[in-house]
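*Asks:* Following this line is model_18.cif, made up of mmCIF, C-alpha atoms:
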data_protein
#
loop_
_atom_site.group_PDB
_atom_site.id
_atom_site.type_symbol
_atom_site.label_atom_id
_atom_site.label_comp_id
_atom_site.auth_asym_id
_atom_site.auth_seq_id
_atom_site.Cartn_x
_atom_site.Cartn_y
_atom_site.Cartn_z
ATOM 1 C CA MET A 1 -35.588 -22.059 64.012
ATOM 2 C CA ASN A 2 -31.883 -21.439 63.479
ATOM 3 C CA ALA A 3 -29.961 -22.073 60.287
ATOM 4 C CA ARG A 4 -28.338 -25.306 61.582
ATOM 5 C CA ILE A 5 -31.707 -26.855 62.417
ATOM 6 C CA ARG A 6 -33.170 -25.777 59.083
ATOM 7 C CA TYR A 7 -30.199 -27.269 57.257
ATOM 8 C CA GLY A 8 -30.537 -30.518 59.212
ATOM 9 C CA LEU A 9 -34.220 -30.811 58.370
ATOM 10 C CA GLY A 10 -33.486 -29.997 54.765
ATOM 11 C CA ALA A 11 -30.779 -32.649 54.600
ATOM 12 C CA LEU A 12 -33.101 -35.258 56.135
ATOM 13 C CA THR A 13 -35.872 -34.364 53.732
ATOM 14 C CA ALA A 14 -33.454 -34.516 50.816
ATOM 15 C CA ALA A 15 -32.184 -37.911 51.935
ATOM 16 C CA ALA A 16 -35.728 -39.249 52.207
ATOM 17 C CA LEU A 17 -36.646 -37.973 48.770
ATOM 18 C CA MET A 18 -33.482 -39.352 47.227
ATOM 19 C CA LEU A 19 -34.160 -42.768 48.764
ATOM 20 C CA LEU A 20 -37.661 -42.578 47.375
ATOM 21 C CA ALA A 21 -36.346 -41.658 43.942
ATOM 22 C CA GLY A 22 -33.621 -44.298 44.040
ATOM 23 C CA GLY A 23 -36.114 -47.027 44.834
ATOM 24 C CA CYS A 24 -38.316 -46.160 41.858
ATOM 25 C CA ASP A 25 -36.092 -46.003 38.818
ATOM 26 C CA ASP A 26 -38.679 -47.660 36.625
ATOM 27 C CA ALA A 27 -40.199 -44.957 34.439
ATOM 28 C CA SER A 28 -43.593 -46.601 34.816
ATOM 29 C CA GLU A 29 -43.556 -45.616 38.486
ATOM 30 C CA TYR A 30 -43.907 -41.940 37.515
ATOM 31 C CA TYR A 31 -47.238 -40.802 36.176
ATOM 32 C CA TYR A 32 -46.248 -37.278 35.130
ATOM 33 C CA THR A 33 -43.012 -35.577 34.019
ATOM 34 C CA THR A 34 -42.340 -31.900 33.414
ATOM 35 C CA SER A 35 -39.227 -29.746 33.026
ATOM 36 C CA TYR A 36 -38.056 -26.183 33.657
ATOM 37 C CA PRO A 37 -35.245 -25.254 31.220
ATOM 38 C CA VAL A 38 -33.449 -22.140 32.505
ATOM 39 C CA VAL A 39 -32.885 -19.530 29.791
ATOM 40 C CA ARG A 40 -31.417 -16.719 31.884
ATOM 41 C CA ILE A 41 -30.777 -15.656 35.479
ATOM 42 C CA GLU A 42 -31.120 -12.218 37.021
ATOM 43 C CA VAL A 43 -30.401 -11.049 40.554
ATOM 44 C CA SER A 44 -32.227 -8.280 42.395
ATOM 45 C CA VAL A 45 -30.386 -6.683 45.344
ATOM 46 C CA THR A 46 -31.723 -3.914 47.568
ATOM 47 C CA VAL A 47 -29.763 -2.243 50.352
ATOM 48 C CA GLU A 48 -30.710 0.572 52.679
ATOM 49 C CA GLU A 49 -29.118 3.743 51.440
ATOM 50 C CA GLU A 50 -27.886 6.377 53.862
ATOM 51 C CA THR A 51 -29.405 9.784 53.167
ATOM 52 C CA PRO A 52 -27.048 12.654 53.983
ATOM 53 C CA GLU A 53 -28.317 15.398 56.247
ATOM 54 C CA PRO A 54 -29.382 18.487 54.264
ATOM 55 C CA GLN A 55 -26.951 21.348 54.532
ATOM 56 C CA PRO A 56 -28.358 24.727 55.628
ATOM 57 C CA GLU A 57 -28.453 27.319 52.893
ATOM 58 C CA PRO A 58 -26.005 30.201 53.376
ATOM 59 C CA GLU A 59 -27.389 33.556 54.337
ATOM 60 C CA PRO A 60 -27.570 35.923 51.314
ATOM 61 C CA GLN A 61 -24.975 38.653 51.355
ATOM 62 C CA PRO A 62 -25.789 42.253 50.512
ATOM 63 C CA GLY A 63 -25.573 42.860 46.777
ATOM 64 C CA GLU A 64 -25.827 39.143 45.793
ATOM 65 C CA GLY A 65 -28.203 38.280 42.979
ATOM 66 C CA GLU A 66 -28.285 41.758 41.520
ATOM 67 C CA GLY A 67 -27.773 41.710 37.764
ATOM 68 C CA GLU A 68 -28.019 37.878 37.445
ATOM 69 C CA GLY A 69 -31.234 36.654 35.896
ATOM 70 C CA GLY A 70 -32.924 39.953 36.767
ATOM 71 C CA THR A 71 -32.787 43.633 35.881
ATOM 72 C CA GLY A 72 -30.450 46.202 37.291
ATOM 73 C CA THR A 73 -29.555 49.790 36.490
ATOM 74 C CA ASP A 74 -26.439 51.839 37.009
ATOM 75 C CA ASP A 75 -27.963 55.268 36.472
ATOM 76 C CA GLY A 76 -31.628 54.552 35.899
ATOM 77 C CA THR A 77 -31.262 54.635 32.125
ATOM 78 C CA GLY A 78 -30.965 50.939 31.154
ATOM 79 C CA THR A 79 -31.472 47.348 32.191
ATOM 80 C CA GLY A 80 -28.951 44.534 32.172
ATOM 81 C CA THR A 81 -29.405 40.729 32.361
ATOM 82 C CA ASP A 82 -27.036 37.789 32.643
ATOM 83 C CA THR A 83 -28.336 34.586 31.065
ATOM 84 C CA GLY A 84 -25.084 32.936 29.961
ATOM 85 C CA THR A 85 -24.357 29.227 30.474
ATOM 86 C CA VAL A 86 -21.223 28.171 32.356
ATOM 87 C CA THR A 87 -19.608 24.813 31.581
ATOM 88 C CA ASP A 88 -16.952 23.042 33.624
ATOM 89 C CA ASP A 89 -14.728 22.475 30.602
ATOM 90 C CA GLY A 90 -13.886 26.153 30.372
ATOM 91 C CA THR A 91 -15.433 26.765 26.975
ATOM 92 C CA GLY A 92 -17.577 29.638 28.196
ATOM 93 C CA THR A 93 -20.384 28.794 25.811
ATOM 94 C CA GLY A 94 -23.402 31.014 26.246
ATOM 95 C CA SER A 95 -27.051 30.049 26.024
ATOM 96 C CA ASP A 96 -30.417 31.685 26.402
ATOM 97 C CA ASP A 97 -31.772 29.592 29.271
ATOM 98 C CA GLY A 98 -29.261 30.324 32.014
ATOM 99 C CA THR A 99 -28.562 26.630 32.710
ATOM 100 C CA ARG A 100 -25.339 25.112 33.961
ATOM 101 C CA THR A 101 -23.828 21.866 32.722
ATOM 102 C CA ASP A 102 -21.340 19.570 34.394
ATOM 103 C CA ASP A 103 -19.239 17.193 32.304
ATOM 104 C CA GLY A 104 -17.532 15.577 35.296
ATOM 105 C CA THR A 105 -18.450 12.242 36.834
ATOM 106 C CA GLY A 106 -21.924 10.775 36.456
ATOM 107 C CA THR A 107 -24.127 10.029 33.467
ATOM 108 C CA GLY A 108 -26.213 12.865 32.119
ATOM 109 C CA SER A 109 -29.569 12.703 30.393
ATOM 110 C CA ASP A 110 -31.466 14.990 28.069
ATOM 111 C CA ASP A 111 -33.542 16.481 30.873
ATOM 112 C CA GLY A 112 -30.470 17.734 32.729
ATOM 113 C CA THR A 113 -30.448 15.067 35.479
ATOM 114 C CA VAL A 114 -27.319 13.168 36.525
ATOM 115 C CA GLU A 115 -27.549 9.413 37.211
ATOM 116 C CA GLU A 116 -25.597 8.311 40.247
ATOM 117 C CA PRO A 117 -23.191 5.341 39.846
ATOM 118 C CA GLU A 118 -24.415 2.011 41.245
ATOM 119 C CA ASN A 119 -23.577 1.137 44.850
ATOM 120 C CA PRO A 120 -20.426 -1.074 44.737
ATOM 121 C CA LEU A 121 -21.933 -3.383 47.378
ATOM 122 C CA VAL A 122 -24.967 -4.034 45.168
ATOM 123 C CA THR A 123 -22.676 -4.896 42.260
ATOM 124 C CA GLN A 124 -20.607 -7.235 44.453
ATOM 125 C CA LEU A 125 -23.634 -9.073 45.845
ATOM 126 C CA ARG A 126 -25.204 -9.480 42.417
ATOM 127 C CA GLU A 127 -22.010 -11.030 41.046
ATOM 128 C CA GLU A 128 -21.713 -13.365 44.055
ATOM 129 C CA VAL A 129 -25.277 -14.622 43.727
ATOM 130 C CA LEU A 130 -24.936 -15.171 39.968
ATOM 131 C CA ALA A 131 -21.676 -17.093 40.381
ATOM 132 C CA ALA A 132 -23.136 -19.295 43.136
ATOM 133 C CA ALA A 133 -26.356 -20.190 41.287
ATOM 134 C CA PRO A 134 -26.547 -24.021 41.275
ATOM 135 C CA VAL A 135 -28.318 -24.045 37.906
ATOM 136 C CA GLN A 136 -27.008 -21.687 35.238
ATOM 137 C CA ALA A 137 -28.577 -20.576 31.955
ATOM 138 C CA GLY A 138 -28.758 -23.657 29.743
ATOM 139 C CA GLY A 139 -29.438 -25.940 32.689
ATOM 140 C CA VAL A 140 -32.737 -27.669 33.394
ATOM 141 C CA TYR A 141 -34.829 -29.087 36.237
ATOM 142 C CA THR A 142 -36.744 -32.285 35.352
ATOM 143 C CA LEU A 143 -39.529 -33.344 37.725
ATOM 144 C CA ASP A 144 -40.880 -36.912 37.672
ATOM 145 C CA PHE A 145 -44.010 -37.068 39.839
ATOM 146 C CA LYS A 146 -44.245 -40.258 41.859
ATOM 147 C CA TYR A 147 -46.979 -38.783 44.050
ATOM 148 C CA ALA A 148 -49.214 -35.752 43.656
ATOM 149 C CA ASP A 149 -46.822 -33.620 45.742
ATOM 150 C CA SER A 150 -43.344 -35.137 45.258
ATOM 151 C CA GLY A 151 -41.071 -37.338 43.200
ATOM 152 C CA ARG A 152 -37.677 -37.629 41.547
ATOM 153 C CA LEU A 153 -35.701 -34.557 40.534
ATOM 154 C CA THR A 154 -33.006 -34.618 37.859
ATOM 155 C CA VAL A 155 -30.920 -31.465 37.504
ATOM 156 C CA ARG A 156 -28.560 -30.534 34.686
ATOM 157 C CA PRO A 157 -26.618 -27.595 36.222
ATOM 158 C CA ALA A 158 -25.560 -26.167 32.842
ATOM 159 C CA ALA A 159 -25.672 -27.057 29.167
ATOM 160 C CA GLY A 160 -23.609 -30.198 28.587
ATOM 161 C CA ALA A 161 -23.004 -30.825 32.323
ATOM 162 C CA GLU A 162 -23.531 -34.146 34.077
ATOM 163 C CA THR A 163 -26.931 -34.565 35.691
ATOM 164 C CA VAL A 164 -27.507 -34.709 39.438
ATOM 165 C CA SER A 165 -30.365 -36.671 41.014
ATOM 166 C CA GLY A 166 -32.472 -35.592 43.960
ATOM 167 C CA GLY A 167 -36.055 -35.004 44.957
ATOM 168 C CA PHE A 168 -38.672 -32.275 44.981
ATOM 169 C CA MET A 169 -41.853 -31.339 46.821
ATOM 170 C CA LYS A 170 -44.764 -29.353 45.398
ATOM 171 C CA GLN A 171 -48.188 -29.239 46.939
ATOM 172 C CA PRO A 172 -51.018 -29.393 44.375
ATOM 173 C CA GLY A 173 -52.070 -25.888 43.420
ATOM 174 C CA ALA A 174 -49.192 -24.289 45.363
ATOM 175 C CA THR A 175 -46.924 -21.626 43.889
ATOM 176 C CA ALA A 176 -43.752 -23.022 45.488
ATOM 177 C CA ILE A 177 -41.434 -25.909 44.635
ATOM 178 C CA SER A 178 -38.763 -27.213 47.027
ATOM 179 C CA PHE A 179 -35.673 -28.725 45.371
ATOM 180 C CA TYR A 180 -33.193 -31.103 47.034
ATOM 181 C CA PHE A 181 -30.114 -32.288 45.117
ATOM 182 C CA GLY A 182 -26.441 -32.691 45.946
ATOM 183 C CA GLU A 183 -25.753 -30.226 48.770
ATOM 184 C CA GLN A 184 -28.540 -27.906 47.636
ATOM 185 C CA ALA A 185 -31.877 -27.384 49.362
ATOM 186 C CA TYR A 186 -34.010 -24.363 48.444
ATOM 187 C CA THR A 187 -37.568 -23.317 47.626
ATOM 188 C CA CYS A 188 -38.648 -21.399 44.528
ATOM 189 C CA THR A 189 -41.748 -19.269 44.193
ATOM 190 C CA VAL A 190 -43.302 -19.902 40.783
ATOM 191 C CA THR A 191 -44.800 -16.956 38.922
ATOM 192 C CA ALA A 192 -45.157 -16.096 35.235
ATOM 193 C CA TYR A 193 -43.454 -13.656 32.894
ATOM 194 C CA THR A 194 -44.024 -12.830 29.239
ATOM 195 C CA GLY A 195 -41.382 -14.540 27.148
ATOM 196 C CA GLU A 196 -40.695 -14.668 23.437
ATOM 197 C CA GLU A 197 -43.667 -14.360 21.106
ATOM 198 C CA GLY A 198 -45.772 -13.154 24.032
ATOM 199 C CA LEU A 199 -45.886 -16.578 25.714
ATOM 200 C CA ARG A 200 -46.442 -16.870 29.475
ATOM 201 C CA GLN A 201 -43.506 -18.797 30.907
ATOM 202 C CA ALA A 202 -42.436 -19.824 34.410
ATOM 203 C CA LEU A 203 -40.205 -17.635 36.562
ATOM 204 C CA LEU A 204 -38.583 -19.353 39.562
ATOM 205 C CA THR A 205 -37.651 -16.883 42.304
ATOM 206 C CA VAL A 206 -35.424 -17.849 45.238
ATOM 207 C CA ASP A 207 -35.371 -15.493 48.235
ATOM 208 C CA LEU A 208 -31.790 -15.342 49.567
ATOM 209 C CA THR A 209 -32.311 -12.310 51.809
ATOM 210 C CA ALA A 210 -31.815 -14.044 55.169
ATOM 211 C CA GLU A 211 -28.700 -15.862 53.955
ATOM 212 C CA TYR A 212 -26.961 -12.702 52.767
ATOM 213 C CA GLN A 213 -28.088 -10.657 55.765
ATOM 214 C CA ALA A 214 -26.315 -13.258 57.922
ATOM 215 C CA ARG A 215 -23.191 -13.125 55.739
ATOM 216 C CA TYR A 216 -23.049 -9.320 55.723
ATOM 217 C CA PRO A 217 -24.662 -8.155 59.005
ATOM 218 C CA ASP A 218 -23.418 -4.575 58.618
ATOM 219 C CA ALA A 219 -24.443 -4.118 54.986
ATOM 220 C CA LYS A 220 -28.096 -3.131 55.678
ATOM 221 C CA ILE A 221 -29.375 -5.573 53.055
ATOM 222 C CA THR A 222 -33.154 -5.473 52.669
ATOM 223 C CA GLN A 223 -33.669 -7.983 49.838
ATOM 224 C CA VAL A 224 -31.729 -10.454 47.662
ATOM 225 C CA LEU A 225 -33.629 -12.426 45.013
ATOM 226 C CA ARG A 226 -32.328 -14.894 42.423
ATOM 227 C CA LYS A 227 -34.669 -15.011 39.430
ATOM 228 C CA GLU A 228 -34.458 -17.987 37.085
ATOM 229 C CA TYR A 229 -36.349 -17.375 33.850
ATOM 230 C CA THR A 230 -37.432 -20.631 32.199
ATOM 231 C CA SER A 231 -39.079 -21.662 28.937
ATOM 232 C CA HIS A 232 -41.643 -23.765 30.829
ATOM 233 C CA ARG A 233 -45.137 -22.827 29.577
ATOM 234 C CA GLN A 234 -47.517 -21.567 32.222
#
Could you render the structure from this file as structure tokens?

*Replies:*
Amino acid sequence: MNARIRYGLGALTAAALMLLAGGCDDASEYYYTTSYPVVRIEVSVTVEEETPEPQPEPEPQPGEGEGEGGTGTDDGTGTGTDTGTVTDDGTGTGSDDGTRTDDGTGTGSDDGTVEEPENPLVTQLREEVLAAAPVQAGGVYTLDFKYADSGRLTVRPAAGAETVSGGFMKQPGATAISFYFGEQAYTCTVTAYTGEEGLRQALLTVDLTAEYQARYPDAKITQVLRKEYTSHRQ
């Protein structure tokens, strides 16, 4: 099913749900109401990284390695070792472990490793997804159940923003909720995370992988997830 067909079906479903919601404004028509206040949003982006081909090691030249980290003699009467540390800032500081430090680009850690900078594409995609999120931190989804699997949806996109009406679908016992409001139509997978004071709260995850793979066909995107952390008790 292509994207146009999916969008058309989503729009029809949204229209049907909105008509249903609009015809039942009386609060007595809804037997159950719950809400999902969004407290923060995170985005997970994974792209396929290109691994450079390993370079062959150069052939050792005669005389290399003698007198560095090992013993050597000039006339058979003594031994000599070289265990100094070389730094790239030209200080020439010596040490006893023969290590080498590099104070150039990259973030160092105590164990001597260097953390590579983040892929600029990952940073760009994360910022795009965060900016395009239809409900920001401080916003809330309110679900009024008309039936066991659907009802009226009221969305406040952000704290203090005007509400938008729509509809939702959630099969009893299912871990997914489909939201339809305004021009939005998407499905969240509902799981739990440990929030403040050790409470189990709802995490709504939207899989945007296919959408961003279509937008950036040459980017080798493997996964894009928008994670909406809520204060809804699980």

*Asks:* Could you list, as a list of chain:residue names, every residue matched by the PyMOL selection byres ((chain A and resi 158) around 9) in this structure?

*Replies:* A:Val38, A:Pro134, A:Val135, A:Gln136, A:Ala137, A:Gly138, A:Gly139, A:Val140, A:Val155, A:Arg156, A:Pro157, A:Ala159, A:Gly160, A:Ala161, A:Glu162, A:Thr163

*Asks:* Taking every listed atom of stretch 196-200 of chain A and adding 3 Å to each side, what centre and edge lengths in Å (one decimal) does the axis-aligned box have, as JSON?

*Replies:*
{"center_x": -43.6, "center_y": -15.0, "center_z": 25.3, "size_x": 11.7, "size_y": 9.7, "size_z": 14.4}

*Asks:* So which one's closest to A:Asn119, A:Tyr141, A:Tyr32, A:Glu211, A:Ala219? Using all atoms listed in the file, please.

*Replies:* A:Ala219

*Asks:* Give the answer as one residue: which of A:Gly151, A:Pro117, A:Pro60, A:Gly198 has the shortest atom-to-atom distance to A:Tyr31, using only C-alpha atoms?

*Replies:* A:Gly151

*Asks:* When distances are computed from only C-alpha atoms, which of A:Ser165, A:Gln234, A:Gln124, A:Thr34 shows the smallest separation from A:Val47?

*Replies:*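 Looking at the shortest contact to A:Val47, the residue is A:Gln124.
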
*Asks:* Need the shell around stretch 180-182 of chain A: protein/DNA/RNA residues with any atom at most 7 Å away, counting all atoms listed in the file. Skip same-chain ones fewer than 6 positions apart. Format as a PyMOL selection string?

*Replies:* chain A and resi 14+164-168

*Asks:* Could you list the residues chosen by the PyMOL selection byres ((chain A and resi 122) around 12) in this structure as a list in words?

*Replies:*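 Those residues are Val43, Ser44, Val45, Thr46, Val47, Glu48, Glu49, Pro117, Glu118, Asn119, Pro120, Leu121, Thr123, Gln124, Leu125, Arg126, Glu127, Glu128, Val129, Tyr212, Tyr216, Ala219, Lys220, Ile221, Thr222, Gln223 and Val224 of chain A.
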
*Asks:* Calculated over only C-alpha atoms, which of the candidates A:Ala148, A:Leu153, A:Leu199, A:Cys188 has the smallest distance to A:Pro172?

*Replies:*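 Of A:Ala148, A:Leu153, A:Leu199, A:Cys188, the one nearest A:Pro172, counting only C-alpha atoms, is A:Ala148.
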
*Asks:* Go through A:Gln213, A:Ser35, A:Pro62, A:Ala192 and flag the residue nearest A:Lys227, using all atoms listed in the file for the distances.

*Replies:*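 Comparing A:Gln213, A:Ser35, A:Pro62, A:Ala192 against A:Lys227, the winner is A:Ala192.
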
*Asks:* Residues within 8 Å of A:Arg226, please, as a PyMOL selection string. Count all atoms listed in the file; anything in the same chain fewer than 6 positions from it doesn't count.

*Replies:* chain A and resi 41-44+129-130+205-208

*Asks:* Between A:Asp218, A:Glu196, A:Glu57, A:Glu228, which is the closest to A:Tyr36 once you count all atoms listed in the file?

*Replies:*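 Checking each candidate against A:Tyr36, we get A:Glu228 as the closest.
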
*Asks:* Could you jot down the atom CA of A:Thr189 to atom CA of A:Leu203 separation for me, Å, one decimal place?

*Replies:*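 Here the two named atoms are 8.0 Å from each other.
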
*Asks:* Around the point (-38.2, -29.2, 46.9) (coordinates from the file), which residues reach within 8 Å if we count all atoms listed in the file? Answer as a PyMOL selection string.

*Replies:* chain A and resi 167-170+177-180+185-187

*Asks:* To one decimal place in Å, what is the distance between atom CA of A:Thr142 and atom CA of A:Glu183?

*Replies:*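 One can read the atom CA of A:Thr142 to atom CA of A:Glu183 distance as 17.5 Å.
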
*Asks:* How many Å lie between atom CA of A:Tyr229 and atom CA of A:Thr194, rounded to one decimal?

*Replies:*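 Rounded to one decimal, the two atoms are 10.0 Å apart.
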
*Asks:* Please provide the set of residues having any atom within 6 Å of A:Val190, restricted to all atoms listed in the file, with same-chain residues fewer than 6 positions apart removed, written as a list in words.

*Replies:* Thr175, Ala176, Leu203 and Leu204 of chain A
